[in-house]
file input.txt (compact mmCIF, C-alpha atoms)
# COMPACT_ATOMS: atom_id res chain seq x y z
CA MET F 20 59.75 4.20 -11.35
CA LYS F 21 61.76 4.41 -8.16
CA ARG F 22 62.93 1.25 -6.49
CA ALA F 23 61.03 2.01 -3.27
CA ASP F 24 57.82 2.47 -5.24
CA ALA F 25 58.32 -0.83 -7.03
CA VAL F 26 58.80 -2.60 -3.68
CA ALA F 27 55.71 -0.94 -2.28
CA ILE F 28 53.64 -1.99 -5.27
CA GLY F 29 55.00 -5.52 -5.08
CA THR F 30 54.14 -5.76 -1.40
CA ALA F 31 50.67 -4.38 -2.01
CA ALA F 32 50.10 -6.92 -4.80
CA ALA F 33 51.27 -9.79 -2.61
CA LEU F 34 48.99 -8.62 0.19
CA ALA F 35 46.04 -8.34 -2.18
CA VAL F 36 46.61 -11.92 -3.41
CA ALA F 37 46.90 -13.16 0.18
CA VAL F 38 43.71 -11.39 1.21
CA GLY F 39 41.97 -12.72 -1.88
CA ILE F 40 42.98 -16.31 -1.09
CA GLY F 41 41.99 -15.80 2.54
CA ALA F 42 38.57 -14.47 1.55
CA GLY F 43 38.15 -17.37 -0.87
CA LEU F 44 38.93 -19.90 1.85
CA TRP F 45 36.63 -18.15 4.27
CA ARG F 46 33.87 -18.12 1.68
CA ARG F 47 34.24 -21.86 1.24
CA ALA F 48 34.01 -22.33 4.99
CA ALA F 49 30.92 -20.13 5.48
CA PRO F 50 28.55 -19.26 2.62
CA ALA F 51 28.10 -15.55 1.89
CA PRO F 52 24.97 -14.18 3.54
CA PRO F 53 21.84 -13.84 1.38
CA PRO F 54 21.35 -10.43 -0.26
CA GLU F 55 19.99 -7.69 1.96
CA ILE F 56 16.50 -6.52 1.02
CA GLY F 57 13.56 -4.60 2.52
CA GLY F 58 12.55 -7.73 4.39
CA TYR F 59 14.45 -10.98 4.63
CA VAL F 60 15.76 -13.73 2.37
CA LEU F 61 15.81 -17.36 3.46
CA PRO F 62 19.25 -18.93 2.94
CA SER F 63 17.47 -22.24 2.24
CA PRO F 64 14.02 -22.19 0.62
CA LYS F 65 11.10 -23.54 2.68
CA PRO F 66 8.59 -25.81 0.89
CA LEU F 67 4.88 -24.99 1.24
CA GLY F 68 3.44 -28.35 2.25
CA ALA F 69 0.06 -29.69 1.20
CA LEU F 70 -2.80 -27.30 0.50
CA GLU F 71 -5.81 -27.00 -1.74
CA LEU F 72 -7.34 -23.69 -2.67
CA VAL F 73 -9.67 -22.29 -5.35
CA ASP F 74 -8.58 -19.54 -7.72
CA ASP F 75 -10.65 -16.62 -8.96
CA ARG F 76 -11.73 -18.62 -12.03
CA GLY F 77 -12.99 -21.48 -9.88
CA ALA F 78 -10.03 -23.79 -10.62
CA LYS F 79 -8.41 -25.97 -7.96
CA VAL F 80 -4.94 -24.82 -6.89
CA THR F 81 -2.45 -26.99 -5.01
CA ALA F 82 1.14 -26.38 -3.86
CA LYS F 83 2.36 -27.76 -7.22
CA ASP F 84 0.72 -24.86 -9.07
CA PHE F 85 3.22 -22.45 -7.52
CA ALA F 86 6.09 -24.25 -9.28
CA GLY F 87 7.66 -23.09 -12.53
CA HIS F 88 7.56 -19.36 -11.84
CA TRP F 89 8.25 -16.84 -9.10
CA SER F 90 5.16 -16.02 -7.01
CA PHE F 91 4.42 -12.82 -5.11
CA VAL F 92 1.85 -13.76 -2.46
CA TYR F 93 -0.14 -11.15 -0.54
CA PHE F 94 -2.95 -11.75 1.97
CA GLY F 95 -5.93 -9.40 2.08
CA TYR F 96 -9.66 -9.11 1.42
CA THR F 97 -11.95 -7.22 -0.91
CA TYR F 98 -13.76 -5.37 1.91
CA CYS F 99 -10.45 -3.70 2.81
CA PRO F 100 -10.66 -0.19 1.27
CA ASP F 101 -7.27 1.22 2.18
CA VAL F 102 -4.21 -0.99 2.64
CA CYS F 103 -5.17 -3.79 0.21
CA PRO F 104 -5.80 -1.55 -2.84
CA LEU F 105 -2.65 0.36 -1.94
CA THR F 106 -0.57 -2.85 -1.95
CA LEU F 107 -2.16 -4.20 -5.14
CA VAL F 108 -1.40 -0.94 -6.95
CA GLU F 109 2.24 -1.32 -5.84
CA LEU F 110 2.28 -4.95 -6.98
CA ALA F 111 0.94 -3.93 -10.41
CA GLU F 112 3.78 -1.44 -10.54
CA VAL F 113 6.27 -4.14 -9.45
CA LYS F 114 5.06 -6.34 -12.30
CA LYS F 115 5.71 -3.56 -14.83
CA LYS F 116 9.18 -2.93 -13.43
CA LEU F 117 10.07 -6.64 -13.45
CA ALA F 118 9.13 -6.86 -17.13
CA GLU F 119 11.89 -4.31 -17.77
CA ARG F 120 14.48 -5.32 -15.18
CA THR F 121 14.30 -9.10 -15.09
CA PRO F 122 12.38 -10.08 -18.23
CA SER F 123 13.73 -13.65 -18.09
CA ALA F 124 12.11 -14.32 -14.69
CA ALA F 125 8.50 -15.50 -15.07
CA SER F 126 6.38 -14.33 -12.16
CA SER F 127 2.77 -14.24 -10.96
CA VAL F 128 0.95 -12.24 -8.31
CA TYR F 129 -1.49 -13.97 -5.92
CA PHE F 130 -3.96 -12.17 -3.71
CA VAL F 131 -5.03 -14.66 -1.04
CA SER F 132 -8.33 -13.88 0.68
CA VAL F 133 -8.30 -13.80 4.47
CA ASP F 134 -12.09 -13.49 4.29
CA PRO F 135 -13.30 -16.60 2.42
CA GLN F 136 -16.77 -16.20 3.94
CA ARG F 137 -17.41 -13.10 1.82
CA ASP F 138 -14.76 -13.39 -0.90
CA THR F 139 -16.17 -15.81 -3.45
CA PRO F 140 -14.08 -16.66 -6.55
CA GLU F 141 -16.35 -14.39 -8.64
CA ARG F 142 -15.91 -11.47 -6.30
CA LEU F 143 -12.15 -12.02 -6.15
CA HIS F 144 -11.96 -12.21 -9.93
CA GLU F 145 -13.58 -8.79 -10.35
CA TYR F 146 -11.34 -7.41 -7.65
CA VAL F 147 -7.88 -8.68 -8.60
CA THR F 148 -8.25 -8.23 -12.36
CA TYR F 149 -9.17 -4.59 -11.75
CA PHE F 150 -5.60 -4.04 -10.57
CA ASP F 151 -4.00 -6.18 -13.28
CA PRO F 152 -5.63 -8.61 -15.72
CA ASP F 153 -2.95 -11.23 -14.92
CA PHE F 154 -3.34 -11.18 -11.13
CA HIS F 155 -4.67 -14.31 -9.45
CA GLY F 156 -7.11 -14.45 -6.53
CA LEU F 157 -7.12 -17.39 -4.14
CA THR F 158 -9.74 -18.41 -1.62
CA GLY F 159 -11.05 -21.66 -0.11
CA ASP F 160 -11.34 -23.35 3.27
CA VAL F 161 -10.03 -21.32 6.18
CA ALA F 162 -7.91 -24.36 7.16
CA HIS F 163 -6.12 -24.36 3.80
CA ILE F 164 -5.69 -20.59 3.69
CA THR F 165 -4.23 -20.87 7.19
CA ALA F 166 -1.88 -23.62 5.97
CA LEU F 167 -0.57 -21.33 3.22
CA ALA F 168 -0.27 -18.41 5.65
CA ASN F 169 1.64 -20.59 8.12
CA ALA F 170 3.96 -21.81 5.37
CA VAL F 171 4.96 -18.26 4.41
CA GLY F 172 4.94 -16.77 7.92
CA ALA F 173 1.74 -14.75 7.51
CA VAL F 174 -1.13 -14.37 9.98
CA PHE F 175 -4.75 -13.21 9.84
CA PHE F 176 -7.60 -13.04 12.32
CA VAL F 177 -10.98 -11.44 12.85
CA PRO F 178 -10.75 -9.19 15.92
CA PRO F 179 -13.60 -10.05 18.32
CA GLY F 180 -16.65 -7.91 19.09
CA GLN F 181 -17.60 -6.96 15.53
CA ASP F 182 -20.76 -6.98 13.46
CA GLU F 183 -21.45 -10.40 11.93
CA LYS F 184 -21.64 -9.00 8.41
CA ALA F 185 -19.62 -5.77 8.39
CA TYR F 186 -16.48 -7.07 10.11
CA LEU F 187 -12.86 -6.20 9.51
CA VAL F 188 -9.99 -8.68 9.28
CA SER F 189 -6.45 -8.07 10.50
CA HIS F 190 -3.76 -9.52 8.29
CA SER F 191 -0.03 -9.55 7.59
CA SER F 192 1.24 -6.61 5.60
CA SER F 193 4.19 -8.44 4.09
CA ILE F 194 4.51 -9.95 0.59
CA ALA F 195 5.90 -13.48 0.39
CA LEU F 196 8.12 -14.50 -2.52
CA LEU F 197 8.08 -18.13 -3.65
CA GLU F 198 10.85 -19.31 -5.95
CA PRO F 199 10.20 -21.46 -9.04
CA SER F 200 10.62 -24.66 -7.00
CA GLY F 201 7.41 -23.56 -5.26
CA ALA F 202 9.18 -22.94 -1.93
CA LEU F 203 9.32 -19.73 0.12
CA ARG F 204 12.49 -17.77 -0.67
CA ALA F 205 11.92 -14.26 0.73
CA VAL F 206 9.52 -11.95 2.53
CA PHE F 207 9.15 -8.27 1.67
CA THR F 208 8.05 -6.26 4.69
CA ALA F 209 5.78 -3.19 4.58
CA PRO F 210 5.67 -0.37 3.69
CA HIS F 211 5.98 -1.53 0.10
CA ASP F 212 7.56 0.57 -2.58
CA ALA F 213 7.46 -0.89 -6.09
CA GLU F 214 10.94 0.36 -6.98
CA GLN F 215 12.43 -1.22 -3.86
CA VAL F 216 10.60 -4.54 -4.30
CA ALA F 217 11.71 -4.73 -7.96
CA ALA F 218 15.32 -3.90 -7.05
CA ASP F 219 15.24 -6.46 -4.21
CA PHE F 220 13.79 -9.08 -6.50
CA ALA F 221 16.59 -8.43 -9.03
CA LYS F 222 19.15 -9.11 -6.26
CA ILE F 223 17.41 -12.32 -5.22
CA TYR F 224 17.04 -13.47 -8.82
CA ALA F 225 20.75 -12.82 -9.52
CA ARG F 226 21.73 -14.85 -6.47
CA TYR F 227 19.16 -17.65 -6.74
CA PRO F 228 18.14 -17.91 -10.41
CA GLY F 229 15.79 -20.70 -9.35
CA ARG F 230 14.99 -24.02 -10.89
CA PRO F 231 11.40 -25.05 -11.54
CA MET E 3 11.04 49.00 -9.71
CA ILE E 4 8.90 51.57 -7.98
CA VAL E 5 5.97 50.69 -10.15
CA ARG E 6 6.37 47.01 -9.35
CA ASN E 7 6.59 47.68 -5.61
CA LEU E 8 3.55 49.86 -5.77
CA GLY E 9 1.79 47.09 -7.61
CA ARG E 10 2.70 44.61 -4.88
CA ALA E 11 1.63 46.98 -2.15
CA SER E 12 -1.75 47.61 -3.70
CA LEU E 13 -2.23 43.88 -4.24
CA GLY E 14 -1.44 43.37 -0.53
CA VAL E 15 -3.98 45.99 0.45
CA LEU E 16 -6.53 44.44 -1.83
CA LEU E 17 -5.97 40.95 -0.37
CA ALA E 18 -6.10 42.28 3.18
CA GLY E 19 -9.33 44.04 2.33
CA LEU E 20 -10.79 40.85 0.89
CA ALA E 21 -9.73 38.89 3.98
CA CYS E 22 -11.50 41.44 6.19
CA MET E 23 -14.63 41.26 4.09
CA ARG E 24 -14.64 37.47 4.23
CA ALA E 25 -14.08 37.45 7.98
CA ALA E 26 -16.83 40.01 8.45
CA ALA E 27 -19.20 37.94 6.33
CA GLY E 28 -18.23 34.80 8.29
CA ALA E 29 -17.56 33.02 4.99
CA GLU E 30 -14.26 31.53 6.15
CA PRO E 31 -14.93 28.41 8.24
CA SER E 32 -12.45 27.71 11.03
CA ILE E 33 -11.91 24.28 9.51
CA GLN E 34 -11.06 23.68 5.89
CA ILE E 35 -10.93 20.40 4.06
CA VAL E 36 -8.56 20.44 1.10
CA ASP E 37 -7.13 17.99 -1.45
CA ALA E 38 -9.95 15.52 -0.87
CA TRP E 39 -10.13 12.48 -3.16
CA ALA E 40 -11.91 9.15 -3.10
CA ARG E 41 -10.26 5.99 -4.34
CA ALA E 42 -12.09 4.56 -7.36
CA THR E 43 -13.29 1.06 -6.44
CA PRO E 44 -13.04 -2.21 -8.31
CA PRO E 45 -16.41 -3.61 -9.43
CA GLY E 46 -18.41 -5.42 -6.76
CA VAL E 47 -16.62 -3.76 -3.87
CA GLU E 48 -18.80 -2.48 -1.03
CA ASN E 49 -16.39 -0.23 0.84
CA GLY E 50 -14.47 2.83 -0.24
CA ALA E 51 -12.02 5.34 1.19
CA VAL E 52 -11.68 9.12 1.08
CA TYR E 53 -8.46 10.97 1.82
CA CYS E 54 -7.97 14.69 2.53
CA LYS E 55 -6.18 17.30 4.58
CA ILE E 56 -8.04 18.90 7.47
CA GLN E 57 -6.77 22.34 8.39
CA ASN E 58 -7.91 23.84 11.66
CA ARG E 59 -7.64 27.62 11.73
CA GLY E 60 -9.74 27.98 14.84
CA GLY E 61 -9.40 26.78 18.42
CA ALA E 62 -9.20 23.20 19.60
CA ASP E 63 -11.81 21.05 17.91
CA ARG E 64 -12.68 17.41 17.33
CA LEU E 65 -13.81 15.47 14.29
CA VAL E 66 -16.77 13.49 15.60
CA GLY E 67 -18.43 11.99 12.54
CA ALA E 68 -19.05 11.98 8.83
CA ARG E 69 -21.82 11.21 6.36
CA SER E 70 -22.29 10.88 2.64
CA SER E 71 -25.10 9.99 0.31
CA ALA E 72 -22.59 7.70 -1.43
CA ALA E 73 -22.52 5.16 1.41
CA ARG E 74 -24.74 3.58 4.04
CA THR E 75 -22.35 4.49 6.86
CA VAL E 76 -19.29 6.69 7.00
CA GLU E 77 -16.65 6.09 9.64
CA ILE E 78 -13.19 7.37 10.38
CA HIS E 79 -10.75 4.48 10.32
CA GLU E 80 -7.11 4.14 11.05
CA SER E 81 -4.90 1.49 9.45
CA VAL E 82 -2.25 0.55 11.97
CA ALA E 83 0.73 -1.63 11.13
CA ARG E 84 2.13 -3.39 14.16
CA ASP E 85 4.59 -6.27 14.14
CA GLY E 86 3.96 -6.83 10.44
CA VAL E 87 0.18 -7.03 10.83
CA VAL E 88 -2.21 -4.35 9.57
CA GLU E 89 -5.35 -3.70 11.55
CA MET E 90 -8.08 -1.19 10.90
CA HIS E 91 -9.65 0.53 13.86
CA ARG E 92 -12.65 2.79 13.97
CA VAL E 93 -11.73 6.18 15.37
CA ASP E 94 -14.61 7.69 17.37
CA ALA E 95 -13.15 11.19 17.60
CA LEU E 96 -10.12 12.79 16.04
CA PRO E 97 -8.73 15.68 18.13
CA LEU E 98 -7.62 18.79 16.22
CA ASP E 99 -5.28 21.20 17.98
CA PRO E 100 -5.53 24.91 17.19
CA GLY E 101 -3.69 25.53 13.92
CA ALA E 102 -3.24 21.82 13.28
CA SER E 103 -3.23 20.29 9.82
CA VAL E 104 -4.14 16.61 9.82
CA ASP E 105 -3.39 14.43 6.84
CA LEU E 106 -5.83 11.63 6.06
CA ALA E 107 -3.67 9.59 3.69
CA PRO E 108 -3.50 6.06 2.22
CA GLY E 109 -2.22 3.51 4.72
CA GLY E 110 -3.15 5.67 7.72
CA THR E 111 -6.23 7.50 8.96
CA HIS E 112 -8.94 7.68 6.31
CA VAL E 113 -12.65 8.21 5.86
CA MET E 114 -14.19 4.80 5.26
CA LEU E 115 -17.34 4.60 3.17
CA VAL E 116 -19.15 1.48 4.36
CA GLY E 117 -21.77 0.01 2.06
CA LEU E 118 -21.35 2.02 -1.13
CA ALA E 119 -24.61 2.93 -2.89
CA ALA E 120 -22.75 2.41 -6.19
CA PRO E 121 -19.14 1.72 -7.18
CA LEU E 122 -16.94 4.81 -7.13
CA VAL E 123 -16.08 5.53 -10.74
CA ALA E 124 -13.10 7.72 -11.65
CA GLY E 125 -14.17 11.17 -12.78
CA ALA E 126 -17.36 11.17 -10.70
CA LYS E 127 -17.83 13.34 -7.64
CA ILE E 128 -19.36 12.50 -4.28
CA GLU E 129 -20.43 14.74 -1.46
CA LEU E 130 -18.92 14.25 1.97
CA SER E 131 -19.93 16.00 5.17
CA ILE E 132 -17.57 15.91 8.11
CA VAL E 133 -18.91 16.83 11.51
CA PHE E 134 -16.78 18.75 14.01
CA ALA E 135 -17.67 19.35 17.66
CA THR E 136 -17.17 23.12 17.42
CA ALA E 137 -16.95 24.07 13.76
CA GLY E 138 -20.07 22.09 12.90
CA VAL E 139 -20.64 20.41 9.56
CA VAL E 140 -18.19 21.01 6.72
CA THR E 141 -19.29 19.65 3.36
CA VAL E 142 -16.93 19.07 0.46
CA GLU E 143 -17.24 17.74 -3.04
CA VAL E 144 -14.85 14.83 -3.45
CA PRO E 145 -13.52 13.79 -6.87
CA VAL E 146 -13.16 10.05 -7.45
CA VAL E 147 -9.65 9.25 -8.61
CA ASP E 148 -8.29 6.12 -10.26
CA ALA E 149 -5.37 5.41 -7.92
CA ARG E 150 -3.91 2.93 -10.39
CA ALA E 151 -2.63 5.84 -12.45
CA PRO E 152 1.00 6.82 -11.83
CA PRO E 153 1.54 9.45 -9.09
CA ALA E 154 2.24 12.20 -11.65
CA ALA E 155 -1.26 11.84 -13.08
CA HIS E 156 -2.56 11.93 -9.52
CA GLU E 157 -1.07 15.33 -8.83
CA HIS E 158 -2.74 16.57 -11.97
CA GLU E 159 -6.09 15.28 -10.75
CA HIS E 160 -5.64 17.08 -7.43
CA HIS E 161 -4.55 20.46 -8.55
CA GLY E 162 -5.72 20.66 -12.11
CA GLN E 163 -9.39 20.96 -11.27
call {"tool": "encode", "arguments": {"input": "input.txt", "output": "structure tokens"}}
result
Amino acid sequence: MKRADAVAIGTAAALAVAVGIGAGLWRRAAPAPPPEIGGYVLPSPKPLGALELVDDRGAKVTAKDFAGHWSFVYFGYTYCPDVCPLTLVELAEVKKKLAERTPSAASSVYFVSVDPQRDTPERLHEYVTYFDPDFHGLTGDVAHITALANAVGAVFFVPPGQDEKAYLVSHSSSIALLEPSGALRAVFTAPHDAEQVAADFAKIYARYPGRP
Amino acid sequence: MIVRNLGRASLGVLLAGLACMRAAAGAEPSIQIVDAWARATPPGVENGAVYCKIQNRGGADRLVGARSSAARTVEIHESVARDGVVEMHRVDALPLDPGASVDLAPGGTHVMLVGLAAPLVAGAKIELSIVFATAGVVTVEVPVVDARAPPAAHEHEHHGQ
């Protein structure tokens, strides 16, 4: 090895160490940003607040029931023939991919009705289990569904001027992700692709393994 | 080589001849509906959706309505995502430019079956009539497809039958 080369290598090594220390200091000063996903990740999780809903088996569900596992929460209604089935098919696919990619992360999928007037627990049960036998349906008082929607940044409303029985409901297209503490950790924005959601979840899970 | 070329040429002549015969007989409608499929519905569900491609080989036209014995009402709907919210709108008329091919696909414009007479079961077929301002009524047989199957199986459903 020539002397000049050795000096060059030595300088490069010293620089690398200096940069490394600098980056380390900087990292201590400002936390690294959350992972980038098709949507957004909250640097600090946001708790849900009080709510009381009914699941598709008629059981009472409160904010505590979202603790202990990751929750994928999507808002929709059974009268929706296009976007809701499309999203639930993707979520069933996500579930399969997660079983392979992140088998240690327990997760559940919740389909929250934005149409409690027509979506009874029985109706929801038939609907959600069609897409996956483990999916959960949630319905209840509009006030409590609204509370959950508000907590995860979702909206829904019945556009005016429609038939009293055959009405349509507008709703958020995103999927909320609650961490095992029961708090909101991320939001996946539409359009949803199972591969992307699973890959994004793996990133989030690696960064925030989550404590129940 | 020569034989093969001759073969191709005669096939071309034959096809051209067939096209002329069809045109003369008026068997070729100016609007064709292809790759139609209906999404199989979960039990208890009252609404369904049909997707297809509409190919306009004639002059400017408009889709103005649809009907099916499978549902009480049939409407054209459009799912629109805006600012993270999905809304469905009824579309009263869908303009079709000359030569246009319009895709009615999941998550966009679709035929909505309102008030299903019976759940749509995979493997079954329903009849759908789409009404155009100029071309008139075009009726197609629509296979019901279980959309939960992976996309590869889907393709098979579309083209295999």
call {"tool": "interface_residues", "arguments": {"input": "input.txt", "of": "chain E", "to": "chain F", "cutoff": "10 Å", "atoms": "all atoms listed in the file", "output": "PyMOL selection string"}}
result
chain E and resi 41-53+79-91+107-117+149-152
call {"tool": "closest_residue", "arguments": {"input": "input.txt", "among": "F:Ser132, F:Thr121, F:Thr81, F:Ser63", "to": "Tyr93 of chain F", "atoms": "all atoms listed in the file"}}
result
F:Ser132
call {"tool": "residues_around", "arguments": {"input": "input.txt", "residues": "Arg64 of chain E", "least_positions_apart": "2", "cutoff": "9 Å", "atoms": "all atoms listed in the file", "output": "list in words"}}
result
Ala62, Val66, Ala95, Leu96, Pro97, Leu98, Asp99, Val133, Phe134, Ala135, Thr136 and Ala137 of chain E
call {"tool": "closest_residue", "arguments": {"input": "input.txt", "among": "F:Ala82, F:Leu110, F:Ala49, F:Ile223", "to": "Gly68 of chain F", "atoms": "only C-alpha atoms"}}
result
F:Ala82
call {"tool": "atom_distance", "arguments": {"input": "input.txt", "atom1": "atom CA of Val171 of chain F", "atom2": "atom CA of Ile194 of chain F"}}
result
9.2 Å
call {"tool": "residues_around", "arguments": {"input": "input.txt", "residues": "Pro122 of chain F", "least_positions_apart": "5", "cutoff": "12 Å", "atoms": "all atoms listed in the file", "output": "short mmCIF file (atom, residue, chain, number, x, y, z; two decimals) with C-alpha atoms, in the coordinates of the input"}}
result
data_model
loop_
_atom_site.label_atom_id
_atom_site.label_comp_id
_atom_site.auth_asym_id
_atom_site.auth_seq_id
_atom_site.Cartn_x
_atom_site.Cartn_y
_atom_site.Cartn_z
CA LYS F 114 5.06 -6.34 -12.30
CA LYS F 115 5.71 -3.56 -14.83
CA LYS F 116 9.18 -2.93 -13.43
CA LEU F 117 10.07 -6.64 -13.45
CA ALA F 217 11.71 -4.73 -7.96
CA PHE F 220 13.79 -9.08 -6.50
CA ALA F 221 16.59 -8.43 -9.03
CA TYR F 224 17.04 -13.47 -8.82
#
call {"tool": "atom_distance", "arguments": {"input": "input.txt", "atom1": "atom CA of Pro52 of chain F", "atom2": "atom CA of Glu198 of chain F"}}
result
17.8 Å
call {"tool": "closest_residue", "arguments": {"input": "input.txt", "among": "E:Leu122, E:Ile33, E:Val142, E:Val104", "to": "Arg59 of chain E", "atoms": "all atoms listed in the file"}}
result
E:Ile33
call {"tool": "atom_distance", "arguments": {"input": "input.txt", "atom1": "atom CA of Pro121 of chain E", "atom2": "atom CA of Gln57 of chain E"}}
result
28.6 Å
call {"tool": "residues_around", "arguments": {"input": "input.txt", "residues": "Ala69 of chain F", "least_positions_apart": "3", "cutoff": "12 Å", "atoms": "all atoms listed in the file", "output": "PyMOL selection string"}}
result
chain F and resi 66+72+80-85+162-167+169-170+201-202
call {"tool": "residues_around", "arguments": {"input": "input.txt", "residues": "Pro64 of chain F", "least_positions_apart": "4", "cutoff": "12 Å", "atoms": "only C-alpha atoms", "output": "list in words"}}
result
Pro53, Tyr59, Val60, Ala170, Val171, Ala195, Leu196, Leu197, Glu198, Pro199, Ser200, Gly201, Ala202, Leu203, Arg204, Ala205, Val206, Ile223, Tyr227, Gly229 and Arg230 of chain F
call {"tool": "residues_around", "arguments": {"input": "input.txt", "residues": "Ser127 of chain F", "least_positions_apart": "4", "cutoff": "8 Å", "atoms": "all atoms listed in the file", "output": "list in words"}}
result
His88, Trp89, Ser90, Phe91, Asp153, Phe154 and His155 of chain F
call {"tool": "write_last_selection", "arguments": {"input": "input.txt", "atoms": "C-alpha atoms", "output": "short mmCIF file (atom, residue, chain, number, x, y, z; two decimals), in the coordinates of the input"}}
result
data_model
loop_
_atom_site.label_atom_id
_atom_site.label_comp_id
_atom_site.auth_asym_id
_atom_site.auth_seq_id
_atom_site.Cartn_x
_atom_site.Cartn_y
_atom_site.Cartn_z
CA HIS F 88 7.56 -19.36 -11.84
CA TRP F 89 8.25 -16.84 -9.10
CA SER F 90 5.16 -16.02 -7.01
CA PHE F 91 4.42 -12.82 -5.11
CA ASP F 153 -2.95 -11.23 -14.92
CA PHE F 154 -3.34 -11.18 -11.13
CA HIS F 155 -4.67 -14.31 -9.45
#
call {"tool": "residues_near_point", "arguments": {"input": "input.txt", "point": "(-12.6, -22.2, -6.0)", "cutoff": "8 Å", "atoms": "all atoms listed in the file", "output": "list in words"}}
result
Leu72, Val73, Asp74, Asp75, Arg76, Gly77, Ala78, Lys79, Thr139, Pro140, Leu157, Thr158 and Gly159 of chain F
